[in-house]
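Asks: Sharing input-v7.txt, compact mmCIF, C-alpha atoms and all ligand atoms:
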```txt
# COMPACT_ATOMS: atom_id res chain seq x y z
CA MET J 8 61.29 -65.87 89.57
CA PRO J 9 64.86 -64.58 89.30
CA PRO J 10 66.87 -65.83 86.33
CA ARG J 11 68.89 -68.94 87.12
CA LEU J 12 72.11 -67.04 86.39
CA GLU J 13 72.30 -63.29 86.81
CA VAL J 14 75.28 -61.05 86.30
CA GLN J 15 75.19 -57.39 87.29
CA ASN J 16 77.68 -54.75 86.16
CA LEU J 17 80.78 -56.96 85.99
CA ASN J 18 84.07 -55.15 85.48
CA ARG J 19 87.59 -56.51 85.14
CA ALA J 20 90.86 -54.84 84.20
CA PHE J 21 94.34 -56.28 83.68
CA ASP J 22 97.26 -53.88 84.12
CA GLY J 23 94.93 -50.90 84.01
CA GLN J 24 93.30 -52.10 80.77
CA ARG J 25 89.55 -52.79 81.07
CA VAL J 26 88.74 -56.10 79.37
CA VAL J 27 85.21 -56.55 80.77
CA ALA J 28 83.17 -53.36 81.08
CA ASP J 29 79.83 -53.13 82.86
CA VAL J 30 78.52 -56.50 81.66
CA SER J 31 74.98 -57.40 82.83
CA PHE J 32 72.62 -60.17 81.71
CA GLY J 33 70.39 -62.99 82.96
CA VAL J 34 69.87 -66.58 81.80
CA PRO J 35 66.60 -68.33 82.76
CA ALA J 36 66.49 -72.08 83.54
CA GLY J 37 66.50 -74.25 80.42
CA GLN J 38 67.83 -71.49 78.18
CA VAL J 39 71.05 -71.07 76.29
CA ALA J 40 72.75 -67.69 76.13
CA CYS J 41 75.72 -67.30 73.80
CA LEU J 42 78.48 -64.82 74.53
CA LEU J 43 79.56 -64.05 71.00
CA GLY J 44 82.38 -61.84 69.85
CA PRO J 45 85.79 -61.64 68.20
CA SER J 46 88.95 -62.97 69.81
CA GLY J 47 90.09 -60.93 72.80
CA CYS J 48 86.78 -59.14 73.45
CA GLY J 49 86.51 -60.49 77.02
CA LYS J 50 84.27 -63.55 76.67
CA SER J 51 86.48 -66.04 78.49
CA THR J 52 87.30 -63.55 81.23
CA THR J 53 83.56 -63.11 81.86
CA LEU J 54 83.12 -66.87 82.03
CA ARG J 55 86.06 -67.31 84.38
CA MET J 56 84.63 -64.77 86.84
CA ILE J 57 81.28 -66.57 86.87
CA ALA J 58 83.05 -69.91 87.38
CA GLY J 59 84.95 -68.39 90.28
CA VAL J 60 88.45 -68.94 88.92
CA ASP J 61 88.95 -65.22 88.43
CA MET J 62 87.67 -62.34 90.55
CA GLN J 63 85.86 -59.29 89.22
CA ASP J 64 86.95 -55.77 90.22
CA SER J 65 83.29 -54.86 90.73
CA GLY J 66 79.84 -56.29 90.03
CA ARG J 67 77.74 -59.14 91.35
CA ILE J 68 76.88 -62.70 90.32
CA PHE J 69 73.73 -64.56 91.44
CA VAL J 70 72.51 -68.15 90.98
CA ASP J 71 68.75 -68.60 91.51
CA GLY J 72 68.64 -65.19 93.19
CA LYS J 73 71.33 -66.08 95.74
CA LEU J 74 74.53 -64.04 95.79
CA VAL J 75 77.49 -66.12 94.69
CA CYS J 76 80.09 -63.41 94.46
CA ASP J 77 80.57 -59.68 94.87
CA THR J 78 83.66 -57.75 95.86
CA VAL J 79 83.31 -58.74 99.53
CA PHE J 80 81.64 -62.14 99.53
CA ARG J 81 82.90 -65.01 97.41
CA LEU J 82 81.68 -68.62 97.23
CA PRO J 83 84.46 -70.99 96.12
CA PRO J 84 84.00 -72.46 92.61
CA GLU J 85 82.96 -75.91 93.85
CA ARG J 86 80.07 -74.48 95.92
CA ARG J 87 78.47 -72.44 93.13
CA ALA J 88 76.42 -75.28 91.52
CA ILE J 89 78.05 -74.24 88.26
CA GLY J 90 79.38 -76.86 85.83
CA LEU J 91 82.14 -76.31 83.32
CA MET J 92 82.77 -77.71 79.89
CA PHE J 93 85.77 -76.28 78.14
CA GLN J 94 87.34 -77.29 74.86
CA ASP J 95 90.55 -78.37 76.57
CA PHE J 96 88.79 -80.03 79.51
CA ALA J 97 89.96 -83.50 78.53
CA LEU J 98 88.50 -86.68 79.98
CA PHE J 99 90.68 -88.50 82.50
CA PRO J 100 92.65 -90.96 80.33
CA HIS J 101 93.15 -93.56 83.09
CA LEU J 102 89.43 -93.84 83.93
CA PRO J 103 86.75 -95.69 81.98
CA VAL J 104 83.73 -93.79 80.68
CA SER J 105 81.64 -94.84 83.70
CA GLU J 106 84.09 -93.30 86.20
CA ASN J 107 84.65 -90.23 84.05
CA VAL J 108 80.91 -89.49 84.09
CA ALA J 109 80.67 -90.21 87.83
CA PHE J 110 83.74 -88.13 88.66
CA GLY J 111 81.89 -85.21 90.26
CA LEU J 112 79.50 -87.48 92.19
CA LYS J 113 80.05 -88.72 95.74
CA GLY J 114 80.90 -92.43 95.78
CA GLY J 115 81.89 -92.65 92.11
CA HIS J 116 80.21 -95.01 89.68
CA ALA J 117 79.38 -97.68 92.29
CA ALA J 118 77.13 -95.28 94.20
CA ASN J 119 75.58 -93.64 91.15
CA ARG J 120 74.87 -96.38 88.62
CA ALA J 121 71.39 -95.12 87.75
CA ARG J 122 72.46 -91.54 87.05
CA VAL J 123 75.47 -92.62 84.97
CA ALA J 124 73.31 -95.07 82.98
CA GLU J 125 70.65 -92.40 82.40
CA LEU J 126 73.14 -89.85 81.09
CA LEU J 127 75.03 -92.32 78.90
CA ASP J 128 71.71 -93.36 77.42
CA ARG J 129 70.83 -89.73 76.71
CA VAL J 130 74.13 -89.13 74.92
CA ARG J 131 73.91 -92.52 73.13
CA MET J 132 77.10 -93.87 74.71
CA THR J 133 75.72 -96.79 76.76
CA SER J 134 77.65 -99.38 74.75
CA HIS J 135 80.91 -97.56 75.58
CA ILE J 136 80.48 -97.56 79.36
CA ASP J 137 83.66 -99.61 79.92
CA SER J 138 85.74 -97.95 77.18
CA TYR J 139 88.68 -95.69 77.89
CA PRO J 140 88.91 -92.20 76.35
CA HIS J 141 91.63 -93.16 73.84
CA GLU J 142 89.24 -95.76 72.39
CA LEU J 143 86.66 -93.07 71.52
CA SER J 144 86.36 -90.66 68.60
CA GLY J 145 86.44 -86.89 69.20
CA GLY J 146 82.65 -86.66 68.98
CA GLU J 147 82.18 -89.55 71.39
CA GLN J 148 84.60 -88.00 73.88
CA GLN J 149 82.65 -84.78 73.64
CA ARG J 150 79.40 -86.58 74.45
CA VAL J 151 81.00 -88.21 77.50
CA ALA J 152 82.35 -84.83 78.60
CA LEU J 153 78.83 -83.42 78.38
CA ALA J 154 77.47 -86.30 80.47
CA ARG J 155 80.23 -85.71 83.03
CA ALA J 156 79.48 -81.98 83.22
CA LEU J 157 75.76 -82.62 83.75
CA ALA J 158 76.04 -85.56 86.18
CA PRO J 159 76.01 -83.44 89.37
CA ARG J 160 72.93 -81.56 88.04
CA PRO J 161 74.55 -78.12 87.93
CA ARG J 162 72.11 -75.22 87.89
CA VAL J 163 74.31 -73.41 85.43
CA LEU J 164 76.64 -74.85 82.81
CA LEU J 165 79.43 -72.73 81.37
CA MET J 166 80.78 -73.87 77.99
CA ASP J 167 83.83 -72.28 76.37
CA GLU J 168 84.10 -73.08 72.64
CA PRO J 169 83.07 -76.66 73.47
CA PHE J 170 82.76 -77.85 69.87
CA SER J 171 85.75 -76.18 68.27
CA GLY J 172 87.95 -79.29 68.46
CA LEU J 173 85.45 -81.29 66.42
CA ASP J 174 85.30 -82.06 62.75
CA GLU J 175 83.13 -79.52 60.93
CA ARG J 176 80.73 -82.22 59.69
CA LEU J 177 80.22 -83.62 63.20
CA ARG J 178 79.57 -80.30 64.86
CA ASP J 179 75.99 -79.54 63.91
CA GLY J 180 74.79 -82.99 64.97
CA ILE J 181 76.53 -82.77 68.34
CA ARG J 182 75.31 -79.22 68.87
CA ASP J 183 71.72 -80.31 68.34
CA GLU J 184 72.04 -83.34 70.62
CA THR J 185 73.67 -81.21 73.30
CA LEU J 186 70.93 -78.64 73.06
CA ALA J 187 68.19 -81.28 73.43
CA LEU J 188 69.82 -82.72 76.55
CA LEU J 189 70.42 -79.32 78.15
CA LYS J 190 66.76 -78.39 77.62
CA GLU J 191 65.62 -81.65 79.23
CA GLU J 192 67.85 -81.06 82.25
CA GLY J 193 66.62 -77.47 82.66
CA THR J 194 70.17 -76.18 83.03
CA ALA J 195 70.88 -72.51 82.28
CA VAL J 196 73.74 -72.46 79.81
CA LEU J 197 76.24 -69.74 79.04
CA LEU J 198 78.20 -70.68 75.94
CA VAL J 199 81.19 -68.74 74.67
CA THR J 200 81.84 -68.74 70.95
CA HIS J 201 83.35 -66.56 68.25
CA GLU J 202 81.28 -68.27 65.54
CA PRO J 203 78.03 -66.51 64.58
CA HIS J 204 76.73 -69.72 62.99
CA GLU J 205 77.13 -71.58 66.28
CA ALA J 206 75.42 -68.81 68.25
CA MET J 207 72.53 -68.65 65.78
CA ARG J 208 72.06 -72.41 65.99
CA MET J 209 72.35 -72.79 69.77
CA ALA J 210 71.18 -69.59 71.43
CA ASP J 211 67.86 -68.49 72.83
CA GLN J 212 69.67 -65.25 73.50
CA ILE J 213 72.85 -63.84 71.98
CA LEU J 214 75.05 -61.45 73.97
CA LEU J 215 77.25 -59.78 71.41
CA MET J 216 80.50 -58.45 72.93
CA ARG J 217 82.97 -55.97 71.56
CA ASP J 218 85.92 -54.45 73.46
CA GLY J 219 84.65 -55.79 76.79
CA ARG J 220 81.10 -54.48 76.41
CA ILE J 221 77.84 -56.10 75.40
CA VAL J 222 76.85 -54.07 72.36
CA GLN J 223 73.57 -55.87 71.71
CA GLN J 224 71.60 -58.67 73.32
CA GLY J 225 68.49 -60.48 72.20
CA ALA J 226 67.11 -63.41 70.21
CA PRO J 227 69.15 -64.43 67.14
CA TYR J 228 66.31 -63.16 64.95
CA ASN J 229 66.57 -59.67 66.44
CA LEU J 230 70.32 -59.37 66.10
CA TYR J 231 70.20 -60.53 62.50
CA ASN J 232 67.22 -58.45 61.46
CA ALA J 233 67.63 -55.39 63.67
CA PRO J 234 71.39 -54.99 64.27
CA ALA J 235 72.41 -52.16 66.56
CA ASP J 236 75.12 -50.90 64.24
CA ARG J 237 77.07 -51.62 61.09
CA GLN J 238 79.58 -53.91 62.83
CA VAL J 239 76.81 -56.04 64.34
CA ALA J 240 75.26 -56.41 60.87
CA ALA J 241 78.66 -57.37 59.44
CA PHE J 242 79.24 -59.97 62.15
CA PHE J 243 76.47 -62.24 60.85
CA SER J 244 77.02 -62.10 57.08
CA ASP J 245 78.74 -60.19 54.31
CA ILE J 246 77.23 -56.78 53.83
CA ASN J 247 77.06 -54.11 51.16
CA VAL J 248 77.50 -50.52 52.27
CA LEU J 249 76.38 -47.34 50.50
CA THR J 250 77.61 -44.11 51.98
CA GLY J 251 76.04 -40.69 51.92
CA ARG J 252 75.34 -37.53 53.90
CA VAL J 253 72.13 -36.21 55.40
CA ARG J 254 70.51 -33.32 53.58
CA GLY J 255 67.16 -32.12 54.81
CA ALA J 256 66.35 -35.37 56.69
CA LEU J 257 67.15 -37.44 53.56
CA THR J 258 70.24 -39.23 52.27
CA ALA J 259 70.49 -39.50 48.49
CA THR J 260 71.89 -42.61 46.75
CA PRO J 261 71.71 -44.05 43.22
CA PHE J 262 68.78 -46.10 44.60
CA GLY J 263 66.76 -43.05 45.56
CA ASP J 264 66.49 -41.18 48.84
CA PHE J 265 66.52 -42.80 52.26
CA LEU J 266 64.83 -41.25 55.27
CA THR J 267 67.35 -40.13 57.89
CA PRO J 268 65.23 -37.97 60.18
CA GLY J 269 66.50 -36.32 63.34
CA LEU J 270 70.10 -36.06 62.12
CA PRO J 271 71.81 -32.77 61.31
CA ASP J 272 72.71 -31.98 57.72
CA GLY J 273 76.12 -33.34 56.80
CA THR J 274 75.98 -36.38 59.12
CA PRO J 275 77.74 -39.27 57.35
CA ILE J 276 75.41 -42.24 56.84
CA ASP J 277 75.99 -45.92 56.12
CA ILE J 278 73.22 -47.72 54.28
CA VAL J 279 73.70 -51.45 54.77
CA ILE J 280 72.12 -54.34 52.90
CA ARG J 281 72.92 -58.06 52.87
CA PRO J 282 73.77 -59.63 49.48
CA GLN J 283 70.63 -61.80 49.48
CA HIS J 284 68.39 -58.74 49.73
CA LEU J 285 69.47 -57.14 46.49
CA LYS J 286 66.98 -57.60 43.66
CA ILE J 287 68.14 -57.74 40.08
CA ASP J 288 66.38 -57.16 36.80
CA PHE J 289 67.42 -57.24 33.15
CA ASP J 290 68.13 -54.17 31.06
CA ARG J 291 65.49 -53.44 28.43
CA GLY J 292 67.17 -51.09 25.99
CA GLY J 293 68.50 -48.76 28.67
CA LYS J 294 65.34 -48.98 30.79
CA GLY J 295 64.86 -50.71 34.12
CA PRO J 296 61.94 -51.43 36.41
CA ALA J 297 59.82 -48.54 37.67
CA ALA J 298 60.35 -47.31 41.22
CA THR J 299 58.14 -48.85 43.92
CA PRO J 300 57.63 -47.98 47.59
CA GLU J 301 58.95 -51.46 48.55
CA ASP J 302 62.18 -51.31 46.58
CA GLY J 303 62.81 -47.63 45.86
CA SER J 304 64.28 -46.87 42.45
CA ALA J 305 66.52 -49.12 40.42
CA ALA J 306 70.14 -48.29 39.60
CA LEU J 307 72.01 -49.46 36.54
CA ALA J 308 75.06 -51.64 37.19
CA ARG J 309 77.48 -53.90 35.34
CA VAL J 310 78.60 -57.38 36.27
CA VAL J 311 82.23 -57.43 37.44
CA ARG J 312 82.43 -61.15 38.24
CA ALA J 313 80.05 -64.05 38.89
CA ARG J 314 80.88 -67.22 40.81
CA TYR J 315 78.94 -70.38 41.53
CA LEU J 316 79.10 -71.35 45.23
CA GLY J 317 76.98 -74.52 45.26
CA ARG J 318 73.66 -73.53 46.79
CA GLU J 319 73.83 -70.03 45.35
CA SER J 320 75.70 -67.78 42.97
CA LEU J 321 77.59 -64.67 44.02
CA VAL J 322 77.53 -61.83 41.51
CA GLU J 323 79.71 -58.74 41.97
CA PHE J 324 78.38 -55.53 40.44
CA ARG J 325 79.54 -51.97 40.03
CA THR J 326 76.91 -49.23 39.69
CA GLU J 327 77.15 -46.90 36.69
CA GLN J 328 76.53 -43.88 38.91
CA ASP J 329 79.21 -43.45 41.63
CA ALA J 330 80.89 -46.84 40.82
CA ILE J 331 79.65 -48.48 44.01
CA ALA J 332 80.73 -52.13 44.46
CA LEU J 333 77.78 -54.35 45.42
CA ASN J 334 77.54 -58.11 45.88
CA ALA J 335 74.34 -60.04 45.27
CA THR J 336 73.67 -63.69 46.07
CA LEU J 337 71.07 -65.50 44.05
CA PRO J 338 69.77 -69.04 44.52
CA GLY J 339 71.00 -71.69 42.10
CA VAL J 340 73.14 -71.10 39.05
CA PHE J 341 73.23 -67.53 37.76
CA LEU J 342 76.44 -66.60 35.97
CA PRO J 343 75.98 -63.57 33.72
CA PRO J 344 79.10 -62.64 31.72
CA GLU J 345 81.36 -59.80 32.82
CA GLY J 346 80.11 -56.42 31.66
CA THR J 347 76.42 -57.42 31.47
CA LYS J 348 74.18 -54.44 32.21
CA MET J 349 71.60 -55.12 34.89
CA TRP J 350 69.30 -53.09 37.13
CA LEU J 351 69.61 -53.43 40.89
CA MET J 352 67.10 -52.61 43.60
CA LEU J 353 67.40 -52.75 47.39
CA ARG J 354 64.60 -54.31 49.38
CA ARG J 355 63.73 -51.32 51.53
CA ASP J 356 62.41 -53.45 54.41
CA ARG J 357 65.82 -55.15 54.60
CA VAL J 358 67.98 -52.04 54.51
CA PHE J 359 69.64 -50.77 57.70
CA VAL J 360 70.46 -47.09 57.96
CA PHE J 361 73.12 -46.06 60.51
CA PRO J 362 74.83 -42.77 61.24
CA ARG J 363 78.54 -43.58 60.94
CA GLY J 364 79.93 -44.33 64.42
N1 LIG N 1 95.29 -63.11 83.25
C1 LIG N 1 95.39 -62.13 82.34
N2 LIG N 1 96.36 -61.18 82.45
C2 LIG N 1 96.44 -60.19 81.57
N3 LIG N 1 95.62 -60.02 80.52
C3 LIG N 1 94.66 -60.93 80.34
C4 LIG N 1 94.48 -62.03 81.24
N4 LIG N 1 93.42 -62.76 80.81
C5 LIG N 1 92.96 -62.14 79.70
N5 LIG N 1 93.69 -61.06 79.42
C6 LIG N 1 93.46 -60.13 78.30
O1 LIG N 1 92.12 -59.73 78.34
C7 LIG N 1 91.57 -59.63 77.02
C8 LIG N 1 90.32 -60.47 76.91
O2 LIG N 1 90.67 -61.85 76.97
P1 LIG N 1 89.60 -63.02 76.89
O3 LIG N 1 90.35 -64.31 76.98
O4 LIG N 1 88.54 -62.78 77.90
O5 LIG N 1 88.99 -62.81 75.44
P2 LIG N 1 88.08 -63.78 74.57
O6 LIG N 1 87.02 -62.93 74.02
O7 LIG N 1 87.68 -64.96 75.37
O8 LIG N 1 89.07 -64.21 73.41
P3 LIG N 1 89.27 -65.64 72.71
O9 LIG N 1 88.05 -65.87 71.88
O10 LIG N 1 90.52 -65.41 71.88
O11 LIG N 1 89.48 -66.63 73.81
C9 LIG N 1 92.69 -60.02 76.08
O12 LIG N 1 93.28 -58.85 75.58
C10 LIG N 1 93.64 -60.79 76.95
O13 LIG N 1 94.97 -60.68 76.47
```
Would you kindly transcribe this structure into structure tokens?

Replies:
Amino acid sequence: MPPRLEVQNLNRAFDGQRVVADVSFGVPAGQVACLLGPSGCGKSTTLRMIAGVDMQDSGRIFVDGKLVCDTVFRLPPERRAIGLMFQDFALFPHLPVSENVAFGLKGGHAANRARVAELLDRVRMTSHIDSYPHELSGGEQQRVALARALAPRPRVLLMDEPFSGLDERLRDGIRDETLALLKEEGTAVLLVTHEPHEAMRMADQILLMRDGRIVQQGAPYNLYNAPADRQVAAFFSDINVLTGRVRGALTATPFGDFLTPGLPDGTPIDIVIRPQHLKIDFDRGGKGPAATPEDGSAALARVVRARYLGRESLVEFRTEQDAIALNATLPGVFLPPEGTKMWLMLRRDRVFVFPRG
């Protein structure tokens, strides 16, 4: 079976500047793919080409294996079986909820009572069927917009930052409800976001974009735990970076040597670790824990600052050797005074080693 949505080698330039470069991916039915990346990396342009409101310079788009658009053939947007839900896609203010949901259906609400009732039930808005948009909260409007987008049973739904207008506290609930409904409908979803948290929560597959290219794609677990490069690692959380140079297939640090095979001597190396994967131990008269294969050797450091963040504490350290700044997060309340000597270790299975790009 071909993926429900498939994109092959899409390219788009504006004024000679490439903003989408050789983008390819597939989204199976019932799955959510998130196009994730910083502002201006080409996410919305990709979405607009798939929707049919912009035209690619080269590349092909398929829905259920059928060509929707290449550089010669082009189905108009309304014949692509692709639904849209954009942040600024407001509901029609002069229509009640029932007619808003039925808007894309032939015959309006009168001819589609069952479908409208089913969708409003699924988004828990049945009691608002006769309300007008201005009588609804932001979250309620969003749920109606979702029902409207799904009413014509699109094969593919494109969502551009659909939750960004909502109150932070409402968002997670609405995201989860939306996800449940999309799975039930079997729609393939392509969701654009610049928020890693949103992508981690929603996506079966993340497509991470940078400068018009997909730099890594895969399940959220893979991107978080096996990032392709230092920037990908940094996109999902704060990171600590140790720098060094290859010497005889090894890179030396205050935490012992790291294997860097296959790289010529002198290659600059970034050793990356997330703050939650630093281990700390107390100083026992100038001695720290013994080296282990799991954690390498310990390095002596002093506390620069410690802050309580609610669920965890953030402690900033500086190593005695090389004065490397390192942040550690620890669960609960841990606020050692400035200057406290402690021993740090890096969980070797959580360290990423990259040649500097
Ligand atoms: N119609 C256009 N004409 C000229 N340049 C454009 C046009 N549309 C987009 N661009 C440029 O292409 C680049 C990518 O824009 P795009 O909107 O796809 O990025 P994005 O990743 O969706 O960003 P954001 O998250 O800020 O919406 C930007 O530099 C933008 O200025």

Asks: What residues have an atom no more than 10 Å from (68.6, -45.3, 45.6) in the file's own frame, counting all atoms listed in the file, and can you write them as JSON, numbers by chain?

Replies: {"J": [249, 258, 259, 260, 261, 262, 263, 264, 265, 298, 302, 303, 304, 305, 306, 351, 352, 353, 355]}

Asks: In Å, rounded to a single decimal, give me how far atom CA of Asp356 of chain J is from atom CA of Ile221 of chain J.

Replies: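 So the answer is 26.2 Å.
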
Asks: What does the list of residues within 6 Å of ligand LIG 1 (chain N) look like if you count only C-alpha atoms and all ligand atoms, written as a PyMOL selection string?

Replies: chain J and resi 21+26+46-52+201

Asks: Could you give me the axis-aligned bounding box of segment 292-300 of chain J, with 5 Å of padding per side, as centre plus edge lengths in Å to one decimal, as AutoDock Vina command-line options?

Replies:
```
--center_x 63.1 --center_y -49.4 --center_z 36.8 --size_x 20.9 --size_y 14.1 --size_z 31.6
```

Asks: From the list J:Arg25, J:Arg309, J:Arg237, J:Arg217, which residue is nearest Ile276 of chain J when using only C-alpha atoms?

Replies: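 When distances to Ile276 of chain J are compared using only C-alpha atoms, the smallest one comes from J:Arg237.
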
Asks: Can you measure atom CA of Ile280 of chain J to atom CA of Asp179 of chain J for me? One decimal in Å is fine.

Replies: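 Separation between atom CA of Ile280 of chain J and atom CA of Asp179 of chain J: 27.8 Å.
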
Asks: Skip Ala109 of chain J itself and residues of its chain fewer than 4 positions away, then list as a list in words all residues within 10 Å of it, counting all atoms listed in the file.

Replies: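 Listed by chain and then number, they are Val104, Ser105, Lys113, Gly114, Gly115, His116, Ala117, Ala118, Asn119, Arg120, Arg122, Val123, Ala154, Arg155, Ala156, Leu157, Ala158 and Pro159 of chain J.
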
Asks: Write the residues of the selection above to a file with C-alpha atoms, as an mmCIF file, in the frame of the given file.

Replies:
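What landed in out_25.cif:
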```
data_model
loop_
_atom_site.group_PDB
_atom_site.id
_atom_site.type_symbol
_atom_site.label_atom_id
_atom_site.label_comp_id
_atom_site.auth_asym_id
_atom_site.auth_seq_id
_atom_site.Cartn_x
_atom_site.Cartn_y
_atom_site.Cartn_z
ATOM 1 C CA VAL J 104 83.730 -93.790 80.680
ATOM 2 C CA SER J 105 81.640 -94.840 83.700
ATOM 3 C CA LYS J 113 80.050 -88.720 95.740
ATOM 4 C CA GLY J 114 80.900 -92.430 95.780
ATOM 5 C CA GLY J 115 81.890 -92.650 92.110
ATOM 6 C CA HIS J 116 80.210 -95.010 89.680
ATOM 7 C CA ALA J 117 79.380 -97.680 92.290
ATOM 8 C CA ALA J 118 77.130 -95.280 94.200
ATOM 9 C CA ASN J 119 75.580 -93.640 91.150
ATOM 10 C CA ARG J 120 74.870 -96.380 88.620
ATOM 11 C CA ARG J 122 72.460 -91.540 87.050
ATOM 12 C CA VAL J 123 75.470 -92.620 84.970
ATOM 13 C CA ALA J 154 77.470 -86.300 80.470
ATOM 14 C CA ARG J 155 80.230 -85.710 83.030
ATOM 15 C CA ALA J 156 79.480 -81.980 83.220
ATOM 16 C CA LEU J 157 75.760 -82.620 83.750
ATOM 17 C CA ALA J 158 76.040 -85.560 86.180
ATOM 18 C CA PRO J 159 76.010 -83.440 89.370
#
```

Asks: My list of candidates is J:Val34, J:Leu321, J:Val27, J:Leu342. Which is closest to Gln212 of chain J when distances are computed with all atoms listed in the file?

Replies: J:Val34
